[in-house]
$ cat data.pdb   # PDB, C-alpha atoms
ATOM      1  CA  MET A1371     127.394 -10.664 203.239
ATOM      2  CA  LYS A1372     130.114 -10.132 205.788
ATOM      3  CA  ASP A1373     133.186 -12.276 206.070
ATOM      4  CA  LYS A1374     134.986 -12.806 209.316
ATOM      5  CA  LYS A1375     138.387 -13.735 207.967
ATOM      6  CA  PRO A1376     140.324 -11.760 205.342
ATOM      7  CA  LYS A1377     140.050 -13.294 201.883
ATOM      8  CA  ASN A1378     142.838 -13.262 199.369
ATOM      9  CA  VAL A1379     142.085 -10.316 197.094
ATOM     10  CA  PHE A1380     145.106 -10.881 194.858
ATOM     11  CA  ARG A1381     145.108 -12.504 191.444
ATOM     12  CA  ASP A1382     148.134 -13.449 189.409
ATOM     13  CA  GLY A1383     148.529 -11.110 186.438
ATOM     14  CA  ALA A1384     145.829  -9.095 184.672
ATOM     15  CA  ILE A1385     142.120  -9.451 185.478
ATOM     16  CA  SER A1386     140.422 -10.691 182.312
ATOM     17  CA  SER A1387     137.197  -9.352 180.822
ATOM     18  CA  ASP A1388     135.861 -12.941 180.942
ATOM     19  CA  PHE A1389     136.356 -13.002 184.703
ATOM     20  CA  ILE A1390     134.622  -9.625 185.048
ATOM     21  CA  GLY A1391     131.744 -10.645 182.759
ATOM     22  CA  ASN A1392     131.286 -13.905 184.608
ATOM     23  CA  SER A1393     131.220 -12.032 187.894
ATOM     24  CA  ILE A1394     128.329  -9.898 186.628
ATOM     25  CA  TYR A1395     126.525 -12.986 185.319
ATOM     26  CA  LYS A1396     126.742 -14.700 188.734
ATOM     27  CA  HIS A1397     124.732 -11.863 190.299
ATOM     28  CA  GLN A1398     121.636 -12.545 188.192
ATOM     29  CA  THR A1399     120.367 -14.918 190.875
ATOM     30  CA  LYS A1400     120.567 -12.190 193.546
ATOM     31  CA  THR A1401     117.283 -10.523 192.716
ATOM     32  CA  SER A1402     117.133  -8.117 195.660
ATOM     33  CA  ILE A1403     119.834  -6.133 193.861
ATOM     34  CA  GLY A1404     118.661  -3.158 191.809
ATOM     35  CA  ALA A1405     122.015  -1.505 191.048
ATOM     36  CA  HIS A1406     125.595  -2.548 190.440
ATOM     37  CA  ASN A1407     128.581  -0.268 190.103
ATOM     38  CA  ILE A1408     131.988  -1.331 188.837
ATOM     39  CA  PHE A1409     135.424   0.254 188.942
ATOM     40  CA  LEU A1410     138.141  -1.058 186.649
ATOM     41  CA  GLY A1411     141.678   0.190 187.109
ATOM     42  CA  GLN A1412     143.634  -0.044 183.853
ATOM     43  CA  VAL A1413     147.387   0.271 183.405
ATOM     44  CA  ARG A1414     148.077   3.514 181.555
ATOM     45  CA  ALA A1415     150.892   3.828 179.017
ATOM     46  CA  ASP A1416     152.223   7.048 180.565
ATOM     47  CA  ASP A1417     154.881   8.988 178.680
ATOM     48  CA  ILE A1418     157.629  10.024 181.091
ATOM     49  CA  ASP A1419     160.680  11.899 179.760
ATOM     50  CA  GLY A1420     160.195  10.445 176.316
ATOM     51  CA  LYS A1421     159.774   6.860 177.565
ATOM     52  CA  THR A1422     156.512   4.931 177.529
ATOM     53  CA  VAL A1423     155.235   2.669 180.330
ATOM     54  CA  ALA A1424     154.806  -0.837 178.873
ATOM     55  CA  ALA A1425     153.655  -2.617 182.054
ATOM     56  CA  ILE A1426     153.418  -2.394 185.823
ATOM     57  CA  GLU A1427     154.825  -5.137 188.012
ATOM     58  CA  TYR A1428     152.838  -5.265 191.254
ATOM     59  CA  THR A1429     154.083  -6.564 194.583
ATOM     60  CA  ALA A1430     152.463  -6.272 198.009
ATOM     61  CA  TYR A1431     152.909  -6.835 201.700
ATOM     62  CA  GLU A1432     150.270  -9.472 201.183
ATOM     63  CA  ASP A1433     149.171 -10.283 204.735
ATOM     64  CA  MET A1434     148.817  -6.641 205.707
ATOM     65  CA  ALA A1435     147.212  -5.783 202.358
ATOM     66  CA  ASN A1436     144.572  -8.505 202.680
ATOM     67  CA  GLN A1437     143.832  -7.298 206.214
ATOM     68  CA  LYS A1438     143.467  -3.710 204.917
ATOM     69  CA  PHE A1439     141.155  -4.854 202.107
ATOM     70  CA  HIS A1440     139.142  -6.670 204.761
ATOM     71  CA  ASP A1441     138.946  -3.536 206.958
ATOM     72  CA  ILE A1442     137.848  -1.424 203.976
ATOM     73  CA  ARG A1443     135.201  -4.001 203.175
ATOM     74  CA  GLU A1444     133.869  -4.075 206.747
ATOM     75  CA  SER A1445     133.765  -0.310 206.946
ATOM     76  CA  ALA A1446     131.980  -0.042 203.569
ATOM     77  CA  PHE A1447     129.297  -2.478 204.759
ATOM     78  CA  GLU A1448     128.849  -0.382 207.903
ATOM     79  CA  LYS A1449     128.562   2.911 206.023
ATOM     80  CA  PHE A1450     126.450   1.837 203.044
ATOM     81  CA  ASP A1451     123.455  -0.408 202.428
ATOM     82  CA  LEU A1452     125.292  -2.882 200.219
ATOM     83  CA  THR A1453     124.054  -6.316 199.216
ATOM     84  CA  CYS A1454     127.486  -7.493 198.194
ATOM     85  CA  MET A1455     130.929  -6.349 197.283
ATOM     86  CA  HIS A1456     133.962  -7.849 195.562
ATOM     87  CA  ILE A1457     137.530  -6.616 195.213
ATOM     88  CA  TYR A1458     140.289  -8.155 193.081
ATOM     89  CA  HIS A1459     143.779  -6.735 192.624
ATOM     90  CA  SER A1460     146.581  -7.990 190.392
ATOM     91  CA  LEU A1461     150.024  -9.099 191.486
ATOM     92  CA  GLY A1462     152.891  -9.588 189.045
ATOM     93  CA  THR A1463     153.044  -8.080 185.582
ATOM     94  CA  VAL A1464     150.085  -6.270 184.040
ATOM     95  CA  LYS A1465     150.616  -4.750 180.586
ATOM     96  CA  ALA A1466     149.422  -1.300 179.527
ATOM     97  CA  GLY A1467     145.747  -1.540 178.610
ATOM     98  CA  GLU A1468     145.074  -4.479 180.919
ATOM     99  CA  ILE A1469     143.003  -4.390 184.110
ATOM    100  CA  CYS A1470     144.757  -4.435 187.496
ATOM    101  CA  LEU A1471     141.896  -3.570 189.888
ATOM    102  CA  PHE A1472     138.270  -4.706 189.822
ATOM    103  CA  VAL A1473     135.836  -3.416 192.442
ATOM    104  CA  PHE A1474     132.196  -4.478 192.211
ATOM    105  CA  VAL A1475     129.460  -3.220 194.556
ATOM    106  CA  SER A1476     125.757  -4.039 194.532
ATOM    107  CA  SER A1477     122.769  -2.637 196.383
ATOM    108  CA  PRO A1478     118.995  -2.511 196.100
ATOM    109  CA  ARG A1479     119.256   1.188 195.040
ATOM    110  CA  ARG A1480     121.533   3.197 192.781
ATOM    111  CA  LYS A1481     122.600   6.189 194.915
ATOM    112  CA  VAL A1482     124.350   3.968 197.407
ATOM    113  CA  VAL A1483     126.568   2.237 194.856
ATOM    114  CA  PHE A1484     127.968   5.504 193.450
ATOM    115  CA  GLU A1485     129.050   6.700 196.893
ATOM    116  CA  ALA A1486     130.252   3.320 198.097
ATOM    117  CA  LEU A1487     132.427   2.661 195.050
ATOM    118  CA  GLU A1488     134.249   5.981 195.334
ATOM    119  CA  TYR A1489     134.816   5.456 199.045
ATOM    120  CA  ILE A1490     136.230   1.970 198.500
ATOM    121  CA  VAL A1491     138.533   2.857 195.585
ATOM    122  CA  GLU A1492     139.952   5.909 197.382
ATOM    123  CA  ALA A1493     140.575   3.832 200.524
ATOM    124  CA  ILE A1494     142.370   1.147 198.482
ATOM    125  CA  LYS A1495     144.644   3.745 196.883
ATOM    126  CA  ALA A1496     145.489   5.344 200.248
ATOM    127  CA  ASP A1497     145.673   2.466 202.734
ATOM    128  CA  VAL A1498     146.717  -0.788 201.067
ATOM    129  CA  PRO A1499     150.436  -1.642 200.867
ATOM    130  CA  VAL A1500     150.690  -2.475 197.169
ATOM    131  CA  PHE A1501     153.755  -1.371 195.210
ATOM    132  CA  GLY A1502     154.053  -0.794 191.466
ATOM    133  CA  LYS A1503     157.147  -0.884 189.332
ATOM    134  CA  GLU A1504     156.479   0.942 186.065
ATOM    135  CA  ILE A1505     158.466  -0.819 183.376
ATOM    136  CA  PHE A1506     159.308   1.195 180.286
ATOM    137  CA  GLU A1507     159.583  -0.183 176.765
ATOM    138  CA  ASP A1508     163.410  -0.069 177.032
ATOM    139  CA  ASP A1509     163.300  -2.251 180.211
ATOM    140  CA  THR A1510     164.297   0.571 182.570
ATOM    141  CA  HIS A1511     161.857   1.298 185.382
ATOM    142  CA  GLN A1512     160.579   3.761 187.959
ATOM    143  CA  TRP A1513     158.313   3.312 190.977
ATOM    144  CA  LYS A1514     154.671   4.345 190.808
ATOM    145  CA  GLN A1515     153.233   6.439 193.604
ATOM    146  CA  ASN A1516     149.552   7.164 194.310
ATOM    147  CA  ASN A1517     148.671  10.771 195.000
TER     148      ASN A1517
ATOM    149  CA  MET B 511     165.063  -9.149 220.552
ATOM    150  CA  LEU B 512     164.921 -11.169 217.366
ATOM    151  CA  LEU B 513     163.176  -9.192 214.636
ATOM    152  CA  THR B 514     162.128 -10.128 211.132
ATOM    153  CA  ILE B 515     162.429  -7.108 208.875
ATOM    154  CA  LYS B 516     160.686  -7.028 205.516
ATOM    155  CA  TYR B 517     161.577  -4.736 202.638
ATOM    156  CA  PHE B 518     159.386  -3.913 199.659
ATOM    157  CA  GLY B 519     159.622  -2.240 196.251
ATOM    158  CA  GLN B 520     162.296   0.421 195.965
ATOM    159  CA  ILE B 521     163.335  -0.207 199.589
ATOM    160  CA  ALA B 522     164.219  -3.804 198.681
ATOM    161  CA  GLU B 523     166.273  -2.408 195.784
ATOM    162  CA  VAL B 524     168.393  -0.530 198.322
ATOM    163  CA  THR B 525     168.785  -3.397 200.813
ATOM    164  CA  GLN B 526     169.203  -5.987 198.031
ATOM    165  CA  LYS B 527     166.983  -8.360 199.975
ATOM    166  CA  GLU B 528     163.305  -8.731 200.767
ATOM    167  CA  GLU B 529     163.668  -9.977 204.307
ATOM    168  CA  GLU B 530     166.204 -10.505 207.066
ATOM    169  CA  THR B 531     166.297 -11.521 210.698
ATOM    170  CA  LEU B 532     168.142  -9.229 213.090
ATOM    171  CA  GLU B 533     169.042  -9.669 216.730
ATOM    172  CA  CYS B 534     168.890  -6.108 218.016
ATOM    173  CA  SER B 535     168.510  -4.101 221.171
ATOM    174  CA  ALA B 536     166.569  -1.171 219.663
ATOM    175  CA  LYS B 537     163.774  -0.085 221.992
ATOM    176  CA  ASN B 538     161.793   1.945 219.512
ATOM    177  CA  ILE B 539     161.410   2.352 215.766
ATOM    178  CA  SER B 540     163.718   5.358 215.668
ATOM    179  CA  GLU B 541     166.594   3.342 217.192
ATOM    180  CA  LEU B 542     165.965   0.521 214.751
ATOM    181  CA  LEU B 543     166.005   2.960 211.830
ATOM    182  CA  ALA B 544     169.336   4.403 213.003
ATOM    183  CA  LEU B 545     170.743   0.880 212.871
ATOM    184  CA  LEU B 546     169.295   0.248 209.412
ATOM    185  CA  TYR B 547     170.580   3.605 208.100
ATOM    186  CA  SER B 548     174.102   2.648 209.136
ATOM    187  CA  LYS B 549     173.715  -0.691 207.419
ATOM    188  CA  TYR B 550     172.037   0.650 204.266
ATOM    189  CA  GLU B 551     173.036   4.240 203.653
ATOM    190  CA  GLY B 552     170.764   4.528 200.614
ATOM    191  CA  LEU B 553     167.700   4.255 202.864
ATOM    192  CA  LYS B 554     168.266   7.776 204.189
ATOM    193  CA  ILE B 555     167.011   9.404 201.009
ATOM    194  CA  LYS B 556     164.032   7.079 200.604
ATOM    195  CA  ASP B 557     160.450   7.862 201.482
ATOM    196  CA  PHE B 558     158.816   5.050 203.476
ATOM    197  CA  GLN B 559     156.472   4.192 206.325
ATOM    198  CA  VAL B 560     157.077   1.561 208.982
ATOM    199  CA  ALA B 561     154.640  -1.175 210.003
ATOM    200  CA  GLN B 562     154.943  -3.282 213.130
ATOM    201  CA  ASN B 563     152.955  -6.485 213.087
ATOM    202  CA  GLN B 564     151.094  -5.155 210.029
ATOM    203  CA  GLU B 565     150.037  -1.824 211.569
ATOM    204  CA  LEU B 566     151.610   1.514 210.626
ATOM    205  CA  VAL B 567     153.622   3.004 213.493
ATOM    206  CA  SER B 568     155.572   6.199 214.215
ATOM    207  CA  GLU B 569     159.265   6.574 215.020
ATOM    208  CA  SER B 570     158.568   6.878 218.739
ATOM    209  CA  THR B 571     156.632   3.607 218.863
ATOM    210  CA  GLU B 572     158.124   1.018 221.171
ATOM    211  CA  ILE B 573     159.220  -2.193 219.518
ATOM    212  CA  THR B 574     156.973  -4.970 220.741
ATOM    213  CA  GLY B 575     156.463  -7.085 217.687
ATOM    214  CA  ALA B 576     158.383  -9.694 215.859
ATOM    215  CA  GLU B 577     157.697  -8.382 212.358
ATOM    216  CA  ILE B 578     158.707  -4.961 211.087
ATOM    217  CA  ALA B 579     158.170  -3.833 207.491
ATOM    218  CA  LEU B 580     159.542  -0.846 205.581
ATOM    219  CA  LEU B 581     156.880   0.268 203.118
ATOM    220  CA  PRO B 582     157.586   2.655 200.224
ATOM    221  CA  PRO B 583     154.736   4.820 198.825
ATOM    222  CA  PHE B 584     151.618   2.816 197.988
ATOM    223  CA  ALA B 585     150.676   2.349 194.342
ATOM    224  CA  GLY B 586     147.614   0.102 194.376
ATOM    225  CA  GLY B 587     144.924   0.292 191.727
TER     226      GLY B 587
END
$ encode --input "data.pdb" --output "structure tokens"
Amino acid sequence: MKDKKPKNVFRDGAISSDFIGNSIYKHQTKTSIGAHNIFLGQVRADDIDGKTVAAIEYTAYEDMANQKFHDIRESAFEKFDLTCMHIYHSLGTVKAGEICLFVFVSSPRRKVVFEALEYIVEAIKADVPVFGKEIFEDDTHQWKQNN
Amino acid sequence: MLLTIKYFGQIAEVTQKEEETLECSAKNISELLALLYSKYEGLKIKDFQVAQNQELVSESTEITGAEIALLPPFAGG
């Protein structure tokens, strides 16, 4: 399913396991699908110079980011035989251990979903203007950077 | 030209604002950056990319758009 206009990928706060489970459930009616693959990005409690990351506060250049998510989506549909694809990213505060990125791809066959998911996640990390402030337990912070 | 300039993340920490409107005569991104560096000295040591009308551009790019954004390193996912 292709969309013409960029959708809003962002969700306020963490992405709950209920939301993820419900998303899987909703695909039971799409019986041409033979394989799903899911990526969940989780906030890691990194130890940096003796301080522990308690949460990440996400902000984004939202219009550009939604356009980039849209471009990634279009290009993934061109490259891979996907039946459907969903991306959700958090904005605002997400605590360590909570989910901040949910990517869900589905296809008739399994090989496609492994390749497609990696392509999509790597493109999100590299191309989408999302910014992350890593907040330590003592309320100081540093800025996260993808590598 | 009247430009809206948006600042994000650690760049907004330096400028102490997320957005401003500037009337400026800069012809390309490099001239605009020179102006911003004189206004916000702390920007000089920051790593960022520039977008014009939501597309990444280089310093030699001519200013054509109304919206410029200074984007620090991406951290999605």
$ atom_distance --input "data.pdb" --atom1 "CA of Ser535 in chain B" --atom2 "CA of Phe518 in chain B"
23.4 Å
$ closest_atom_pairs --input "data.pdb" --of "chain B" --to "chain A" --cutoff "9 Å" --atoms "only C-alpha atoms" --output "CSV"
residue,atom,partner,partner_atom,distance
B:Lys516,CA,A:Tyr1431,CA,8.7
B:Tyr517,CA,A:Tyr1431,CA,9.0
B:Phe518,CA,A:Tyr1431,CA,7.4
B:Gly519,CA,A:Phe1501,CA,6.0
B:Gln520,CA,A:Trp1513,CA,7.0
B:Asn563,CA,A:Met1434,CA,8.5
B:Gln564,CA,A:Met1434,CA,5.1
B:Glu565,CA,A:Met1434,CA,7.7
B:Ala579,CA,A:Tyr1431,CA,8.4
B:Leu581,CA,A:Pro1499,CA,7.1
B:Pro582,CA,A:Phe1501,CA,7.5
B:Pro583,CA,A:Gln1515,CA,5.7
B:Phe584,CA,A:Val1500,CA,5.4
B:Ala585,CA,A:Gln1515,CA,4.9
B:Gly586,CA,A:Val1500,CA,4.9
B:Gly587,CA,A:Leu1471,CA,5.2
$ resolve_selection --input "data.pdb" --expression "the PyMOL selection byres ((chain B and resi 541-547) around 10)" --output "PyMOL selection string"
chain B and resi 525+534-540+548-555+560+569-570+572-573+578+580
$ write_last_selection --input "data.pdb" --atoms "C-alpha atoms" --output "PDB file, in the coordinates of the input"
ATOM      1  CA  THR B 525     168.785  -3.397 200.813  1.00  0.00           C
ATOM      2  CA  CYS B 534     168.890  -6.108 218.016  1.00  0.00           C
ATOM      3  CA  SER B 535     168.510  -4.101 221.171  1.00  0.00           C
ATOM      4  CA  ALA B 536     166.569  -1.171 219.663  1.00  0.00           C
ATOM      5  CA  LYS B 537     163.774  -0.085 221.992  1.00  0.00           C
ATOM      6  CA  ASN B 538     161.793   1.945 219.512  1.00  0.00           C
ATOM      7  CA  ILE B 539     161.410   2.352 215.766  1.00  0.00           C
ATOM      8  CA  SER B 540     163.718   5.358 215.668  1.00  0.00           C
ATOM      9  CA  SER B 548     174.102   2.648 209.136  1.00  0.00           C
ATOM     10  CA  LYS B 549     173.715  -0.691 207.419  1.00  0.00           C
ATOM     11  CA  TYR B 550     172.037   0.650 204.266  1.00  0.00           C
ATOM     12  CA  GLU B 551     173.036   4.240 203.653  1.00  0.00           C
ATOM     13  CA  GLY B 552     170.764   4.528 200.614  1.00  0.00           C
ATOM     14  CA  LEU B 553     167.700   4.255 202.864  1.00  0.00           C
ATOM     15  CA  LYS B 554     168.266   7.776 204.189  1.00  0.00           C
ATOM     16  CA  ILE B 555     167.011   9.404 201.009  1.00  0.00           C
ATOM     17  CA  VAL B 560     157.077   1.561 208.982  1.00  0.00           C
ATOM     18  CA  GLU B 569     159.265   6.574 215.020  1.00  0.00           C
ATOM     19  CA  SER B 570     158.568   6.878 218.739  1.00  0.00           C
ATOM     20  CA  GLU B 572     158.124   1.018 221.171  1.00  0.00           C
ATOM     21  CA  ILE B 573     159.220  -2.193 219.518  1.00  0.00           C
ATOM     22  CA  ILE B 578     158.707  -4.961 211.087  1.00  0.00           C
ATOM     23  CA  LEU B 580     159.542  -0.846 205.581  1.00  0.00           C
TER      24      LEU B 580
END
$ closest_residue --input "data.pdb" --among "A:Asp1419, A:Asp1441, A:His1456, A:Phe1484" --to "Lys1375 in chain A" --atoms "all atoms listed in the file"
A:Asp1441
$ axis_aligned_box --input "data.pdb" --around "range 543-560 of chain B" --padding-each-side "5 Å" --output "AutoDock Vina command-line options"
--center_x 165.3 --center_y 4.4 --center_z 206.8 --size_x 27.6 --size_y 20.1 --size_z 22.4
$ closest_residue --input "data.pdb" --among "A:Ile1426, A:Cys1454, A:Ile1418, A:Ile1442" --to "Thr1401 in chain A" --atoms "all atoms listed in the file"
A:Cys1454
$ atom_distance --input "data.pdb" --atom1 "CA of Ile1457 in chain A" --atom2 "CA of Gln562 in chain B"
25.2 Å
$ atom_distance --input "data.pdb" --atom1 "CA of Met511 in chain B" --atom2 "CA of Leu532 in chain B"
8.1 Å
$ residues_around --input "data.pdb" --residues "Thr531 in chain B" --least-positions-apart "6" --cutoff "7 Å" --atoms "all atoms listed in the file" --output "PyMOL selection string"
chain B and resi 512-515
$ closest_residue --input "data.pdb" --among "A:His1406, A:Lys1465, A:Arg1381, A:Arg1414" --to "Leu1452 in chain A" --atoms "all atoms listed in the file"
A:His1406
$ residues_around --input "data.pdb" --residues "Thr1510 in chain A" --least-positions-apart "5" --cutoff "12 Å" --atoms "all atoms listed in the file" --output "list in words"
Ile1418, Lys1421, Thr1422, Val1423, Ala1424, Ala1425, Ile1426, Lys1503, Glu1504 and Ile1505 of chain A
